[in-house]
Amino acid sequence: MYHLIFATNNQNKVAEIQSLVGSDFNIQSLKQAGIDIDIPEPHDTLQENAFEKAITIFKITNQNCFSEDTGLEIEALNGSPGVKSARYAGEGRDFQANIDKVLLNLSGKQDRTAQFRTVICLLWNDAHDKLQTHYFVGICKGKIATEMQGEKGFGYDPIFIPDGANKSFAQMSMEEKNTYSHRQKAVTQLFEFLRNLT
Ligand code: ITT
C-alpha cells in the first residue's frame, strides 16, 4: 500500500479525495497525521502555493506528500477571484461573503462563464532518496448561477453550475460532484502517476 500525506486543512477536500482513492493508497490528512499548522499561501499562482503547502509539510514529516490549491476563475472578472479565492472578501475566509462578492461583481453582466482550476503538487523521495516534484492540473468549466442553489459541498459550490449539468455543485451528492470536478480530474492523474511509479 502506498502511503501519502495530504497537506490540507480543508476537511471537505479530504473527504472528496478519500472517496476517490482505491484500496492501494492510504491518504492521511494533516489532522490524522497530528499536524496542526496554518500553511501559508503567499504566492500569485496556484502552482507556487501548492508547492509551498507541500514543501512545508514535507520538511516537517520527511514523508511523501501532496497538496492542492484551487481557484475559481471567472471570465468577466478577468480570472478573479482565482488564486485569491479563499480570501476574496477578506482575511476571514468567509464562504458566504465570498459568494456575495462574486454575485455583486457579476450583477448585470451577461457572460457568466467560469472554471475551477486545481493544481496538485506531489513531493516524493525517489529510489535514490532525491526529492522529486510533480504537478497535476484539473479544470472544470461551467458558469456562475444568478443566485445560490443547494446546501451541499463547500466554498463556491452553491453558485457553480458545471457544463453538462443543470444544477449547482451544492445540489449534488459528493459522488455526483466527483463526476464533473476539477479536483477529481487532478487527483485521477496523481493516482495514475503513482501507480506507474510503483
Ligand atoms: P488548504 O489550503 O488547507 O488546502 P483552503 O480551503 O485554503 O484549503 P484553497 O486555498 O485551495 O483551499 O481554496 C480556495 C478557495 O476556493 C476556498 O475558498 C475554497 O472554499 C474554494 N474552493 C476550493 N475547492 C472548491 C470546490 O471544489 N468547490 C467550491 N469551492 C471550492
# chains A, B, ... in the order shown; residues from 1 in each chain; ligands from 1

call {"tool": "residues_near_ligand", "arguments": {"ligand": "ligand 1", "cutoff": "6 Å", "atoms": "only C-alpha atoms and all ligand atoms", "output": "PyMOL selection string"}}
result
chain A and resi 8-10+68-71+85-86+154-157

call {"tool": "residues_around", "arguments": {"residues": "Glu147 in chain A", "least_positions_apart": "2", "cutoff": "12 Å", "atoms": "only C-alpha atoms", "output": "VMD selection string"}}
result
chain A and resid 96 99 to 104 106 to 107 112 143 to 145 149 to 150 156 to 161 167 to 168

call {"tool": "atom_distance", "arguments": {"atom1": "CA of Val83 in chain A", "atom2": "CA of Gln32 in chain A"}}
result
26.7 Å

call {"tool": "atom_distance", "arguments": {"atom1": "CA of Ile5 in chain A", "atom2": "CA of Ser29 in chain A"}}
result
5.9 Å

call {"tool": "residues_around", "arguments": {"residues": "Lys177 in chain A", "least_positions_apart": "5", "cutoff": "12 Å", "atoms": "only C-alpha atoms", "output": "MDAnalysis selection string"}}
result
chainID A and resid 16:17 19:20 140 152:154 157:158 160:165 167:172 182:185

call {"tool": "write_last_selection", "arguments": {"atoms": "N, CA, C and O atoms", "output": "short mmCIF file (atom, residue, chain, number, x, y, z; two decimals), in the first residue's frame"}}
result
data_model
loop_
_atom_site.label_atom_id
_atom_site.label_comp_id
_atom_site.auth_asym_id
_atom_site.auth_seq_id
_atom_site.Cartn_x
_atom_site.Cartn_y
_atom_site.Cartn_z
N GLU A 16 -13.55 14.48 -0.23
CA GLU A 16 -13.72 14.25 -1.68
C GLU A 16 -12.64 13.32 -2.21
O GLU A 16 -12.90 12.42 -3.00
N ILE A 17 -11.41 13.54 -1.76
CA ILE A 17 -10.31 12.73 -2.29
C ILE A 17 -10.34 11.32 -1.72
O ILE A 17 -10.09 10.35 -2.42
N SER A 19 -12.93 9.69 -1.06
CA SER A 19 -13.99 8.93 -1.74
C SER A 19 -13.53 8.45 -3.12
O SER A 19 -14.19 7.63 -3.75
N LEU A 20 -12.43 9.00 -3.61
CA LEU A 20 -11.93 8.62 -4.94
C LEU A 20 -10.78 7.61 -4.89
O LEU A 20 -10.48 6.96 -5.88
N CYS A 140 -12.53 22.29 -14.35
CA CYS A 140 -13.96 22.05 -14.58
C CYS A 140 -14.58 23.35 -15.07
O CYS A 140 -14.60 24.35 -14.35
N LYS A 152 -25.31 21.51 -0.22
CA LYS A 152 -24.23 20.53 -0.01
C LYS A 152 -22.89 21.17 -0.38
O LYS A 152 -22.84 22.31 -0.83
N GLY A 153 -21.82 20.39 -0.22
CA GLY A 153 -20.50 20.84 -0.66
C GLY A 153 -19.93 21.93 0.22
O GLY A 153 -20.22 22.01 1.41
N PHE A 154 -19.13 22.82 -0.38
CA PHE A 154 -18.45 23.87 0.39
C PHE A 154 -18.05 24.99 -0.56
O PHE A 154 -18.20 24.88 -1.79
N ASP A 157 -19.52 26.22 -4.13
CA ASP A 157 -20.40 25.20 -4.74
C ASP A 157 -21.83 25.69 -5.01
O ASP A 157 -22.39 25.34 -6.06
N PRO A 158 -22.46 26.48 -4.12
CA PRO A 158 -23.86 26.88 -4.39
C PRO A 158 -24.04 27.77 -5.62
O PRO A 158 -25.17 27.92 -6.10
N PHE A 160 -21.91 27.51 -8.48
CA PHE A 160 -21.20 26.99 -9.67
C PHE A 160 -21.99 25.85 -10.31
O PHE A 160 -22.26 24.83 -9.68
N ILE A 161 -22.32 26.04 -11.59
CA ILE A 161 -23.04 25.01 -12.37
C ILE A 161 -22.08 24.47 -13.43
O ILE A 161 -21.70 25.19 -14.36
N PRO A 162 -21.64 23.21 -13.27
CA PRO A 162 -20.68 22.68 -14.26
C PRO A 162 -21.34 22.46 -15.61
O PRO A 162 -22.54 22.16 -15.67
N ASP A 163 -20.59 22.62 -16.68
CA ASP A 163 -21.10 22.32 -18.03
C ASP A 163 -21.61 20.89 -18.07
O ASP A 163 -20.97 19.97 -17.53
N GLY A 164 -22.77 20.71 -18.68
CA GLY A 164 -23.33 19.37 -18.79
C GLY A 164 -24.33 19.06 -17.69
O GLY A 164 -25.00 18.03 -17.72
N ALA A 165 -24.44 19.96 -16.70
CA ALA A 165 -25.41 19.77 -15.61
C ALA A 165 -26.39 20.93 -15.62
O ALA A 165 -26.11 21.99 -16.18
N LYS A 167 -27.77 21.85 -12.57
CA LYS A 167 -27.85 22.23 -11.16
C LYS A 167 -26.45 22.52 -10.63
O LYS A 167 -25.44 22.19 -11.29
N SER A 168 -26.41 23.16 -9.46
CA SER A 168 -25.11 23.58 -8.92
C SER A 168 -24.41 22.40 -8.23
O SER A 168 -25.05 21.39 -7.90
N PHE A 169 -23.13 22.56 -7.98
CA PHE A 169 -22.38 21.55 -7.22
C PHE A 169 -23.02 21.31 -5.85
O PHE A 169 -22.97 20.20 -5.33
N ALA A 170 -23.61 22.35 -5.27
CA ALA A 170 -24.20 22.23 -3.93
C ALA A 170 -25.52 21.47 -3.95
O ALA A 170 -26.09 21.18 -2.90
N GLN A 171 -26.03 21.15 -5.15
CA GLN A 171 -27.26 20.35 -5.26
C GLN A 171 -26.91 18.90 -5.61
O GLN A 171 -27.81 18.11 -5.88
N MET A 172 -25.63 18.58 -5.59
CA MET A 172 -25.18 17.23 -5.96
C MET A 172 -24.62 16.50 -4.75
O MET A 172 -24.04 17.12 -3.86
N HIS A 182 -13.04 19.41 -11.06
CA HIS A 182 -11.63 19.79 -11.19
C HIS A 182 -10.74 18.92 -10.30
O HIS A 182 -9.74 18.39 -10.73
N ARG A 183 -11.16 18.75 -9.04
CA ARG A 183 -10.32 18.01 -8.08
C ARG A 183 -10.22 16.54 -8.49
O ARG A 183 -9.15 15.94 -8.44
N GLN A 184 -11.34 15.98 -8.90
CA GLN A 184 -11.35 14.57 -9.35
C GLN A 184 -10.41 14.38 -10.54
O GLN A 184 -9.65 13.41 -10.60
N LYS A 185 -10.42 15.36 -11.48
CA LYS A 185 -9.58 15.21 -12.68
C LYS A 185 -8.09 15.25 -12.31
O LYS A 185 -7.29 14.49 -12.82
#

call {"tool": "atom_distance", "arguments": {"atom1": "CA of Leu4 in chain A", "atom2": "CA of Arg87 in chain A"}}
result
27.8 Å

call {"tool": "closest_residue", "arguments": {"among": "A:Ile39, A:Asn125, A:Glu73, A:Asp94", "to": "Ile139 in chain A", "atoms": "only C-alpha atoms"}}
result
A:Glu73

call {"tool": "residues_around", "arguments": {"residues": "range 52-67 of chain A", "least_positions_apart": "3", "cutoff": "10 Å", "atoms": "only C-alpha atoms", "output": "VMD selection string"}}
result
chain A and resid 2 to 8 27 to 30 33 35 37 to 43 46 to 49 119 to 126 131 to 135 190

call {"tool": "select_by_dssp", "arguments": {"residues": "chain A", "states": "strand (DSSP E)", "output": "number ranges by chain"}}
result
A: 2-6, 25-29, 65-74, 81-82, 113-125, 131-144, 160-162

call {"tool": "write_last_selection", "arguments": {"atoms": "C-alpha atoms", "output": "mmCIF file, in the first residue's frame"}}
result
data_model
loop_
_atom_site.group_PDB
_atom_site.id
_atom_site.type_symbol
_atom_site.label_atom_id
_atom_site.label_comp_id
_atom_site.auth_asym_id
_atom_site.auth_seq_id
_atom_site.Cartn_x
_atom_site.Cartn_y
_atom_site.Cartn_z
ATOM 1 C CA TYR A 2 1.229 3.495 -0.920
ATOM 2 C CA HIS A 3 1.247 5.937 1.973
ATOM 3 C CA LEU A 4 0.820 9.689 1.345
ATOM 4 C CA ILE A 5 0.072 12.740 3.457
ATOM 5 C CA PHE A 6 -2.442 15.196 2.006
ATOM 6 C CA PHE A 25 -3.436 4.058 -1.340
ATOM 7 C CA ASN A 26 -3.547 5.237 2.228
ATOM 8 C CA ILE A 27 -4.126 9.002 2.304
ATOM 9 C CA GLN A 28 -3.583 10.670 5.639
ATOM 10 C CA SER A 29 -4.873 14.179 6.307
ATOM 11 C CA CYS A 65 3.040 14.150 0.396
ATOM 12 C CA PHE A 66 0.840 16.190 -1.886
ATOM 13 C CA SER A 67 -1.156 19.364 -1.607
ATOM 14 C CA GLU A 68 -3.521 21.224 -3.852
ATOM 15 C CA ASP A 69 -4.523 24.805 -4.465
ATOM 16 C CA THR A 70 -7.810 25.594 -6.184
ATOM 17 C CA GLY A 71 -9.145 28.791 -7.695
ATOM 18 C CA LEU A 72 -12.454 29.873 -9.191
ATOM 19 C CA GLU A 73 -11.623 31.784 -12.386
ATOM 20 C CA ILE A 74 -14.428 33.970 -13.750
ATOM 21 C CA PRO A 81 -11.067 35.523 -7.639
ATOM 22 C CA GLY A 82 -8.502 32.996 -8.925
ATOM 23 C CA THR A 113 -18.539 31.708 -17.811
ATOM 24 C CA ALA A 114 -16.166 30.379 -15.163
ATOM 25 C CA GLN A 115 -13.940 27.469 -14.301
ATOM 26 C CA PHE A 116 -12.485 25.811 -11.236
ATOM 27 C CA ARG A 117 -8.806 25.003 -11.612
ATOM 28 C CA THR A 118 -6.960 22.686 -9.229
ATOM 29 C CA VAL A 119 -3.198 22.313 -9.167
ATOM 30 C CA ILE A 120 -1.805 19.386 -7.195
ATOM 31 C CA CYS A 121 1.843 19.339 -6.139
ATOM 32 C CA LEU A 122 3.338 15.939 -5.317
ATOM 33 C CA LEU A 123 6.657 15.653 -3.487
ATOM 34 C CA TRP A 124 8.303 12.288 -3.110
ATOM 35 C CA ASN A 125 11.689 10.768 -2.444
ATOM 36 C CA LEU A 131 13.300 14.808 -3.719
ATOM 37 C CA GLN A 132 11.090 14.939 -6.821
ATOM 38 C CA THR A 133 8.288 17.378 -7.624
ATOM 39 C CA HIS A 134 5.384 16.803 -9.958
ATOM 40 C CA TYR A 135 2.262 18.820 -10.805
ATOM 41 C CA PHE A 136 -1.207 17.725 -11.958
ATOM 42 C CA VAL A 137 -3.925 20.098 -13.182
ATOM 43 C CA GLY A 138 -7.691 19.569 -13.255
ATOM 44 C CA ILE A 139 -10.172 22.006 -14.791
ATOM 45 C CA CYS A 140 -13.961 22.046 -14.577
ATOM 46 C CA LYS A 141 -15.699 24.523 -16.862
ATOM 47 C CA GLY A 142 -19.120 25.924 -16.083
ATOM 48 C CA LYS A 143 -20.995 29.067 -15.217
ATOM 49 C CA ILE A 144 -21.930 31.181 -12.227
ATOM 50 C CA PHE A 160 -21.202 26.990 -9.668
ATOM 51 C CA ILE A 161 -23.040 25.008 -12.366
ATOM 52 C CA PRO A 162 -20.679 22.685 -14.264
#

call {"tool": "select_by_dssp", "arguments": {"residues": "range 11-159 of chain A", "states": "alpha helix (DSSP H)", "output": "count of residues only"}}
result
36

call {"tool": "closest_residue", "arguments": {"among": "A:Ser181, A:Lys109, A:Asp129, A:Met148", "to": "Phe95 in chain A", "atoms": "only C-alpha atoms"}}
result
A:Met148

call {"tool": "decode", "arguments": {"residues": "range 170-182 of chain A", "atoms": "all heavy atoms", "output": "mmCIF file, in the first residue's frame"}}
result
data_model
loop_
_atom_site.group_PDB
_atom_site.id
_atom_site.type_symbol
_atom_site.label_atom_id
_atom_site.label_comp_id
_atom_site.auth_asym_id
_atom_site.auth_seq_id
_atom_site.Cartn_x
_atom_site.Cartn_y
_atom_site.Cartn_z
ATOM 1 N N ALA A 170 -23.614 22.354 -5.273
ATOM 2 C CA ALA A 170 -24.198 22.225 -3.933
ATOM 3 C C ALA A 170 -25.525 21.473 -3.952
ATOM 4 O O ALA A 170 -26.086 21.180 -2.904
ATOM 5 C CB ALA A 170 -24.384 23.605 -3.312
ATOM 6 N N GLN A 171 -26.031 21.152 -5.152
ATOM 7 C CA GLN A 171 -27.257 20.348 -5.260
ATOM 8 C C GLN A 171 -26.915 18.897 -5.607
ATOM 9 O O GLN A 171 -27.806 18.110 -5.883
ATOM 10 C CB GLN A 171 -28.182 20.935 -6.335
ATOM 11 C CG GLN A 171 -28.759 22.281 -5.922
ATOM 12 C CD GLN A 171 -29.513 22.952 -7.053
ATOM 13 O OE1 GLN A 171 -28.960 23.180 -8.125
ATOM 14 N NE2 GLN A 171 -30.768 23.270 -6.817
ATOM 15 N N MET A 172 -25.626 18.576 -5.593
ATOM 16 C CA MET A 172 -25.183 17.226 -5.964
ATOM 17 C C MET A 172 -24.620 16.498 -4.749
ATOM 18 O O MET A 172 -24.045 17.120 -3.859
ATOM 19 C CB MET A 172 -24.057 17.308 -7.018
ATOM 20 C CG MET A 172 -24.479 17.956 -8.312
ATOM 21 S SD MET A 172 -23.073 17.981 -9.455
ATOM 22 C CE MET A 172 -23.776 18.919 -10.805
ATOM 23 N N SER A 173 -24.743 15.158 -4.773
ATOM 24 C CA SER A 173 -24.011 14.361 -3.782
ATOM 25 C C SER A 173 -22.518 14.488 -4.109
ATOM 26 O O SER A 173 -22.156 14.915 -5.224
ATOM 27 C CB SER A 173 -24.432 12.885 -3.885
ATOM 28 O OG SER A 173 -24.034 12.391 -5.157
ATOM 29 N N MET A 174 -21.689 14.096 -3.172
ATOM 30 C CA MET A 174 -20.243 14.161 -3.429
ATOM 31 C C MET A 174 -19.863 13.300 -4.633
ATOM 32 O O MET A 174 -19.040 13.688 -5.456
ATOM 33 C CB MET A 174 -19.490 13.689 -2.193
ATOM 34 C CG MET A 174 -18.016 13.989 -2.211
ATOM 35 S SD MET A 174 -17.172 13.208 -0.843
ATOM 36 C CE MET A 174 -17.854 14.115 0.507
ATOM 37 N N GLU A 175 -20.529 12.158 -4.753
ATOM 38 C CA GLU A 175 -20.230 11.244 -5.866
ATOM 39 C C GLU A 175 -20.577 11.900 -7.207
ATOM 40 O O GLU A 175 -19.840 11.773 -8.177
ATOM 41 C CB GLU A 175 -21.008 9.925 -5.721
ATOM 42 C CG GLU A 175 -20.525 9.027 -4.583
ATOM 43 C CD GLU A 175 -20.803 9.586 -3.192
ATOM 44 O OE1 GLU A 175 -21.809 10.334 -3.023
ATOM 45 O OE2 GLU A 175 -20.020 9.303 -2.273
ATOM 46 N N GLU A 176 -21.710 12.599 -7.232
ATOM 47 C CA GLU A 176 -22.108 13.260 -8.481
ATOM 48 C C GLU A 176 -21.158 14.419 -8.799
ATOM 49 O O GLU A 176 -20.727 14.585 -9.940
ATOM 50 C CB GLU A 176 -23.562 13.744 -8.384
ATOM 51 C CG GLU A 176 -24.120 14.159 -9.733
ATOM 52 C CD GLU A 176 -25.590 14.573 -9.679
ATOM 53 O OE1 GLU A 176 -26.192 14.580 -8.577
ATOM 54 O OE2 GLU A 176 -26.121 14.916 -10.753
ATOM 55 N N LYS A 177 -20.820 15.211 -7.782
ATOM 56 C CA LYS A 177 -19.851 16.311 -7.996
ATOM 57 C C LYS A 177 -18.546 15.740 -8.557
ATOM 58 O O LYS A 177 -17.939 16.310 -9.472
ATOM 59 C CB LYS A 177 -19.604 17.069 -6.685
ATOM 60 C CG LYS A 177 -18.558 18.174 -6.826
ATOM 61 C CD LYS A 177 -18.279 18.936 -5.538
ATOM 62 C CE LYS A 177 -17.109 19.903 -5.716
ATOM 63 N NZ LYS A 177 -16.706 20.584 -4.488
ATOM 64 N N ASN A 178 -18.135 14.597 -8.018
ATOM 65 C CA ASN A 178 -16.875 13.985 -8.461
ATOM 66 C C ASN A 178 -16.879 13.616 -9.940
ATOM 67 O O ASN A 178 -15.813 13.524 -10.549
ATOM 68 C CB ASN A 178 -16.578 12.731 -7.631
ATOM 69 C CG ASN A 178 -15.908 13.057 -6.309
ATOM 70 O OD1 ASN A 178 -15.346 14.142 -6.144
ATOM 71 N ND2 ASN A 178 -15.979 12.134 -5.364
ATOM 72 N N THR A 179 -18.035 13.378 -10.514
ATOM 73 C CA THR A 179 -18.046 13.008 -11.940
ATOM 74 C C THR A 179 -17.699 14.203 -12.826
ATOM 75 O O THR A 179 -17.353 14.036 -13.994
ATOM 76 C CB THR A 179 -19.402 12.408 -12.395
ATOM 77 O OG1 THR A 179 -20.409 13.409 -12.280
ATOM 78 C CG2 THR A 179 -19.772 11.188 -11.583
ATOM 79 N N TYR A 180 -17.813 15.423 -12.285
ATOM 80 C CA TYR A 180 -17.501 16.632 -13.063
ATOM 81 C C TYR A 180 -16.215 17.328 -12.592
ATOM 82 O O TYR A 180 -15.617 18.072 -13.340
ATOM 83 C CB TYR A 180 -18.606 17.689 -12.877
ATOM 84 C CG TYR A 180 -19.963 17.307 -13.369
ATOM 85 C CD1 TYR A 180 -20.915 16.768 -12.504
ATOM 86 C CD2 TYR A 180 -20.327 17.511 -14.702
ATOM 87 C CE1 TYR A 180 -22.191 16.442 -12.953
ATOM 88 C CE2 TYR A 180 -21.598 17.185 -15.156
ATOM 89 C CZ TYR A 180 -22.522 16.650 -14.271
ATOM 90 O OH TYR A 180 -23.771 16.338 -14.726
ATOM 91 N N SER A 181 -15.829 17.101 -11.360
ATOM 92 C CA SER A 181 -14.994 18.106 -10.689
ATOM 93 C C SER A 181 -13.534 18.182 -11.118
ATOM 94 O O SER A 181 -12.898 17.198 -11.501
ATOM 95 C CB SER A 181 -15.103 17.949 -9.172
ATOM 96 O OG SER A 181 -13.998 17.271 -8.668
ATOM 97 N N HIS A 182 -13.038 19.407 -11.061
ATOM 98 C CA HIS A 182 -11.634 19.791 -11.194
ATOM 99 C C HIS A 182 -10.737 18.924 -10.302
ATOM 100 O O HIS A 182 -9.736 18.392 -10.730
ATOM 101 C CB HIS A 182 -11.513 21.267 -10.791
ATOM 102 C CG HIS A 182 -12.325 21.612 -9.554
ATOM 103 N ND1 HIS A 182 -13.691 21.575 -9.559
ATOM 104 C CD2 HIS A 182 -11.970 21.935 -8.293
ATOM 105 C CE1 HIS A 182 -14.158 21.881 -8.358
ATOM 106 N NE2 HIS A 182 -13.121 22.093 -7.563
#
